Amino acid sequence: IKTPYLNCENKVIVLQEVYLAFLWAVTYFFLVVQEEGLQKQIKQNYFAGNILFNTPVLIGALKLFKWALTLPKSYSAWDSNLPNPENPNNAEEAYYAPKVNGIFIDAVNYVIFHEYSHLLNRHCETIKEIKTRSSGCISDDERTLLIEMEKEADLLAKEAIVKSGDSERDKLHKGLAIVICQCANLFLVGNP
């Protein structure tokens, strides 16, 4: 599994289907845990500081998350008994799937704009030149430059999807998509 990337040779943004499945699954897990494991329990005055995976929707979300975490090591097909975007297994999944789909679409837009920003800002030449060398030959200044280019692409991607004229609710929705996307990607980092 690879996070989306810009192929600098042919200027194509590459999105793996397995990455998209991973991102949807993580988004589903985060949203269901937030709403069912935290908000509902807090509103009903029985949240004791830890999330109880004791309802079918929370158990399904956890099973989906555990499956998603296996994907970076080895591919396996999406079990149709797990929550999914196409054929929810019950009314609770049918309630959450469209909400997750909306956040997921904004997250995918964010990663596409992030990669497009690299292209737009002509980062390819610098990235190719630095990354063709072994990691031991990259200077601290070059590492800093790569980090700055990533920050620039993140900022431009955020500005592309979150507009100043958006309602506060839309800004929150899109911001949540960005945060979930970044958090999901942390599960894919092989080397800090």
# chains A, B, ... in the order shown; residues from 1 in each chain; ligands from 1
call {"tool": "residues_around", "arguments": {"residues": "Tyr28 in chain A", "least_positions_apart": "5", "cutoff": "8 Å", "atoms": "only C-alpha atoms", "output": "list of chain:residue names"}}
result
A:Ala61, A:Tyr96, A:Ala97, A:Val100
call {"tool": "write_last_selection", "arguments": {"atoms": "all heavy atoms", "output": "compact mmCIF listing (two decimals), in the first residue's frame"}}
result
# COMPACT_ATOMS: atom_id res chain seq x y z
N ALA A 61 -17.20 -1.62 13.44
CA ALA A 61 -16.19 -0.59 13.14
C ALA A 61 -14.80 -1.06 13.55
O ALA A 61 -13.82 -0.86 12.82
CB ALA A 61 -16.56 0.71 13.84
N TYR A 96 -24.45 5.38 8.74
CA TYR A 96 -23.10 5.93 8.77
C TYR A 96 -22.43 5.99 7.39
O TYR A 96 -21.62 6.88 7.13
CB TYR A 96 -22.21 5.17 9.75
CG TYR A 96 -22.45 5.59 11.16
CD1 TYR A 96 -23.10 4.77 12.07
CD2 TYR A 96 -22.08 6.87 11.59
CE1 TYR A 96 -23.34 5.18 13.36
CE2 TYR A 96 -22.33 7.29 12.89
CZ TYR A 96 -22.96 6.44 13.77
OH TYR A 96 -23.21 6.87 15.04
N ALA A 97 -22.74 5.05 6.50
CA ALA A 97 -22.04 4.99 5.20
C ALA A 97 -22.10 6.31 4.43
O ALA A 97 -21.05 6.78 3.96
CB ALA A 97 -22.57 3.83 4.37
N VAL A 100 -19.81 8.87 6.12
CA VAL A 100 -18.41 8.52 5.88
C VAL A 100 -18.02 8.82 4.44
O VAL A 100 -16.94 9.36 4.17
CB VAL A 100 -18.15 7.03 6.23
CG1 VAL A 100 -16.75 6.60 5.80
CG2 VAL A 100 -18.37 6.79 7.71
call {"tool": "residues_around", "arguments": {"residues": "range 45-52 of chain A", "least_positions_apart": "6", "cutoff": "10 Å", "atoms": "only C-alpha atoms", "output": "ChimeraX atom specification"}}
result
/A:33-34,36-39,58-59
call {"tool": "closest_atom_pairs", "arguments": {"of": "range 162-186 of chain A", "to": "range 112-123 of chain A", "cutoff": "12 Å", "atoms": "only C-alpha atoms", "output": "Markdown table"}}
result
| residue | atom | partner | partner_atom | distance |
| --- | --- | --- | --- | --- |
| A:Val162 | CA | A:Phe113 | CA | 11.5 |
| A:Ile178 | CA | A:His114 | CA | 10.8 |
| A:Cys181 | CA | A:His114 | CA | 11.6 |
| A:Gln182 | CA | A:His114 | CA | 11.6 |
call {"tool": "write_last_selection", "arguments": {"atoms": "C-alpha atoms", "output": "compact mmCIF listing (two decimals), in the first residue's frame"}}
result
# COMPACT_ATOMS: atom_id res chain seq x y z
CA VAL A 162 -11.71 24.80 2.28
CA ILE A 178 -8.10 16.59 6.31
CA CYS A 181 -6.65 11.71 6.17
CA GLN A 182 -3.45 12.84 7.91
call {"tool": "closest_residue", "arguments": {"among": "A:Val57, A:Ile1, A:Val26, A:Ile127", "to": "Ser74 in chain A", "atoms": "only C-alpha atoms"}}
result
A:Ile1
call {"tool": "residues_around", "arguments": {"residues": "Leu71 in chain A", "least_positions_apart": "4", "cutoff": "10 Å", "atoms": "only C-alpha atoms", "output": "short mmCIF file (atom, residue, chain, number, x, y, z; two decimals) with C-alpha atoms, in the first residue's frame"}}
result
data_model
loop_
_atom_site.label_atom_id
_atom_site.label_comp_id
_atom_site.auth_asym_id
_atom_site.auth_seq_id
_atom_site.Cartn_x
_atom_site.Cartn_y
_atom_site.Cartn_z
CA ILE A 1 0.00 0.00 0.00
CA VAL A 18 -6.20 -0.51 -1.65
CA TYR A 19 -5.23 2.90 -0.23
CA ALA A 21 -10.23 1.15 0.87
CA PHE A 22 -7.86 1.75 3.78
CA LYS A 66 -8.36 -4.15 12.38
CA TRP A 67 -8.72 -5.39 8.78
CA TYR A 75 -3.51 -7.27 0.74
CA SER A 76 -6.72 -9.09 1.52
CA ALA A 77 -10.14 -8.65 -0.02
CA LEU A 188 1.27 3.88 6.89
#
call {"tool": "closest_residue", "arguments": {"among": "A:Ser139, A:Thr55, A:Thr27, A:Thr70", "to": "Ile180 in chain A", "atoms": "only C-alpha atoms"}}
result
A:Thr27
call {"tool": "select_by_dssp", "arguments": {"residues": "range 38-104 of chain A", "states": "alpha helix (DSSP H)", "output": "PyMOL selection string"}}
result
chain A and resi 40-43+56-70+91-104
call {"tool": "atom_distance", "arguments": {"atom1": "CA of Phe29 in chain A", "atom2": "CA of Gly60 in chain A"}}
result
8.7 Å
call {"tool": "closest_residue", "arguments": {"among": "A:Thr126, A:Gln16, A:Ser167, A:Asn101", "to": "Pro85 in chain A", "atoms": "only C-alpha atoms"}}
result
A:Asn101
call {"tool": "closest_residue", "arguments": {"among": "A:Gly175, A:Pro98, A:Pro56, A:Pro72", "to": "Lys2 in chain A", "atoms": "only C-alpha atoms"}}
result
A:Pro72
